[in-house]
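K.L.:
Sending over a structure as structure tokens; questions will come in a sec.
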Amino acid sequence: EQVYQILVQNPKLCKKASELLLDDFGIYVQPINYPTVPRGTERLRITASPLHTKKMIKELANALDEVFKILKIKIAA
């Protein structure tokens, strides 16, 4: 398994992004908020396994893009 983290930096947006991904796209992504991480470093944790296909990864990327646009989450370089 490989773990990826996407920085959101806002606890409410992090939780909402996770909820939208599950409710609208059927994709579970774990929100990580304080006290697990310091305030201001909230993130989404994605765990990829060998069972995830390239199609699934592309669907996740598209869903993340849409959710970030809906919630106006800035994408860091």
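Every chain in the structure tokens takes a letter, A first, then B, and so on in the order presented; its residues are numbered from 1, and the ligands are numbered from 1 following the presented order.
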What lies within 8 Å of region 9-19 of chain A using only C-alpha atoms, ignoring chain neighbours under 5 positions off, as a PyMOL selection string?
P.N.:
chain A and resi 28-34+39-44+67-68+71+73
K.L.:
Produce a file of the selected residues containing C-alpha atoms, as a PDB file, in the first residue's frame.
P.N.:
```pdb
ATOM      1  CA  TYR A  28     -13.664   7.116   0.660  1.00  0.00           C
ATOM      2  CA  VAL A  29     -10.781   9.445   1.468  1.00  0.00           C
ATOM      3  CA  GLN A  30      -9.897   9.941   5.109  1.00  0.00           C
ATOM      4  CA  PRO A  31      -9.840  13.528   6.431  1.00  0.00           C
ATOM      5  CA  ILE A  32      -6.996  14.179   8.860  1.00  0.00           C
ATOM      6  CA  ASN A  33      -7.619  17.079  11.233  1.00  0.00           C
ATOM      7  CA  TYR A  34      -6.346  18.412  14.571  1.00  0.00           C
ATOM      8  CA  ARG A  39      -3.949  23.236  12.979  1.00  0.00           C
ATOM      9  CA  GLY A  40      -3.488  24.679   9.517  1.00  0.00           C
ATOM     10  CA  THR A  41      -2.064  21.423   8.121  1.00  0.00           C
ATOM     11  CA  GLU A  42      -5.332  19.535   7.640  1.00  0.00           C
ATOM     12  CA  ARG A  43      -5.166  17.019   4.821  1.00  0.00           C
ATOM     13  CA  LEU A  44      -6.833  14.196   2.972  1.00  0.00           C
ATOM     14  CA  VAL A  67     -14.605  18.718  -5.294  1.00  0.00           C
ATOM     15  CA  PHE A  68     -11.746  21.206  -5.029  1.00  0.00           C
ATOM     16  CA  LEU A  71     -15.274  24.024  -2.372  1.00  0.00           C
ATOM     17  CA  ILE A  73      -9.849  24.772  -2.309  1.00  0.00           C
TER      18      ILE A  73
END
```
K.L.:
Quick one: pick out all helix (DSSP H, G or I) residues within chain A from a backbone DSSP run and write them as a short mmCIF file (atom, residue, chain, number, x, y, z; two decimals) with N, CA and C atoms, in the first residue's frame.
P.N.:
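File selection.cif, as written:
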```
data_model
loop_
_atom_site.label_atom_id
_atom_site.label_comp_id
_atom_site.auth_asym_id
_atom_site.auth_seq_id
_atom_site.Cartn_x
_atom_site.Cartn_y
_atom_site.Cartn_z
N PRO A 11 -9.90 22.84 8.40
CA PRO A 11 -10.58 21.66 8.94
C PRO A 11 -11.99 21.45 8.39
N LYS A 12 -12.74 22.51 8.20
CA LYS A 12 -14.11 22.38 7.69
C LYS A 12 -14.12 21.93 6.23
N LEU A 13 -13.23 22.52 5.42
CA LEU A 13 -13.14 22.13 4.01
C LEU A 13 -12.62 20.70 3.86
N CYS A 14 -11.71 20.31 4.73
CA CYS A 14 -11.16 18.96 4.69
C CYS A 14 -12.27 17.93 4.94
N LYS A 15 -13.07 18.17 5.97
CA LYS A 15 -14.17 17.26 6.30
C LYS A 15 -15.22 17.27 5.18
N LYS A 16 -15.54 18.44 4.66
CA LYS A 16 -16.54 18.56 3.61
C LYS A 16 -16.06 17.87 2.32
N ALA A 17 -14.80 18.03 1.99
CA ALA A 17 -14.25 17.37 0.80
C ALA A 17 -14.37 15.86 0.93
N SER A 18 -14.04 15.33 2.08
CA SER A 18 -14.16 13.89 2.32
C SER A 18 -15.61 13.44 2.18
N GLU A 19 -16.54 14.22 2.72
CA GLU A 19 -17.97 13.88 2.64
C GLU A 19 -18.46 13.90 1.19
N LEU A 20 -18.07 14.93 0.43
CA LEU A 20 -18.50 15.02 -0.97
C LEU A 20 -17.93 13.87 -1.81
N LEU A 21 -16.68 13.53 -1.57
CA LEU A 21 -16.08 12.42 -2.31
C LEU A 21 -16.85 11.12 -2.07
N LEU A 22 -17.25 10.90 -0.83
CA LEU A 22 -17.99 9.68 -0.50
C LEU A 22 -19.43 9.75 -1.01
N ASP A 23 -20.11 10.84 -0.70
CA ASP A 23 -21.54 10.96 -1.04
C ASP A 23 -21.78 11.08 -2.54
N ASP A 24 -20.97 11.86 -3.24
CA ASP A 24 -21.22 12.14 -4.65
C ASP A 24 -20.47 11.21 -5.61
N PHE A 25 -19.36 10.64 -5.15
CA PHE A 25 -18.53 9.83 -6.05
C PHE A 25 -18.29 8.40 -5.56
N LYS A 54 -5.82 1.65 -12.81
CA LYS A 54 -5.54 2.97 -13.39
C LYS A 54 -6.84 3.74 -13.59
N LYS A 55 -7.90 3.04 -13.96
CA LYS A 55 -9.21 3.68 -14.14
C LYS A 55 -9.69 4.27 -12.82
N MET A 56 -9.54 3.54 -11.74
CA MET A 56 -9.96 4.03 -10.42
C MET A 56 -9.16 5.26 -10.01
N ILE A 57 -7.88 5.24 -10.30
CA ILE A 57 -7.01 6.37 -9.95
C ILE A 57 -7.41 7.61 -10.75
N LYS A 58 -7.72 7.41 -12.03
CA LYS A 58 -8.18 8.54 -12.86
C LYS A 58 -9.51 9.09 -12.35
N GLU A 59 -10.43 8.20 -11.96
CA GLU A 59 -11.71 8.64 -11.40
C GLU A 59 -11.50 9.43 -10.12
N LEU A 60 -10.57 9.00 -9.27
CA LEU A 60 -10.25 9.74 -8.05
C LEU A 60 -9.72 11.13 -8.39
N ALA A 61 -8.79 11.20 -9.33
CA ALA A 61 -8.21 12.49 -9.71
C ALA A 61 -9.29 13.44 -10.23
N ASN A 62 -10.19 12.93 -11.06
CA ASN A 62 -11.28 13.75 -11.58
C ASN A 62 -12.23 14.19 -10.47
N ALA A 63 -12.54 13.29 -9.55
CA ALA A 63 -13.42 13.62 -8.43
C ALA A 63 -12.77 14.67 -7.53
N LEU A 64 -11.48 14.51 -7.24
CA LEU A 64 -10.77 15.51 -6.42
C LEU A 64 -10.80 16.86 -7.10
N ASP A 65 -10.56 16.89 -8.40
CA ASP A 65 -10.58 18.15 -9.14
C ASP A 65 -11.95 18.82 -9.02
N GLU A 66 -13.00 18.06 -9.19
CA GLU A 66 -14.35 18.63 -9.11
C GLU A 66 -14.66 19.13 -7.70
N VAL A 67 -14.33 18.33 -6.68
CA VAL A 67 -14.60 18.72 -5.29
C VAL A 67 -13.81 19.96 -4.92
N PHE A 68 -12.55 20.02 -5.34
CA PHE A 68 -11.75 21.21 -5.03
C PHE A 68 -12.33 22.45 -5.70
N LYS A 69 -12.87 22.31 -6.89
CA LYS A 69 -13.50 23.45 -7.57
C LYS A 69 -14.77 23.86 -6.84
N ILE A 70 -15.60 22.89 -6.46
CA ILE A 70 -16.85 23.17 -5.75
C ILE A 70 -16.57 23.92 -4.45
N LEU A 71 -15.57 23.45 -3.69
CA LEU A 71 -15.27 24.02 -2.37
C LEU A 71 -14.28 25.18 -2.45
#
```
K.L.:
Could you state the separation of CA of Arg45 (chain A) and CA of Ile6 (chain A) in Å, given to one decimal place?
P.N.:
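Rounded to one decimal, the two atoms are 6.6 Å apart.
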K.L.:
Quote the spacing between CA of Gln5 (chain A) and CA of Ala48 (chain A) in Å to one decimal place.
P.N.:
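Taking CA of Gln5 (chain A) as the start and CA of Ala48 (chain A) as the end point, the length is 11.1 Å.
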K.L.:
Mind giving me the straight-line distance from CA of Val8 (chain A) to CA of Pro50 (chain A) in Å, one decimal?
P.N.:
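Taking CA of Val8 (chain A) and CA of Pro50 (chain A), their separation equals 25.9 Å.
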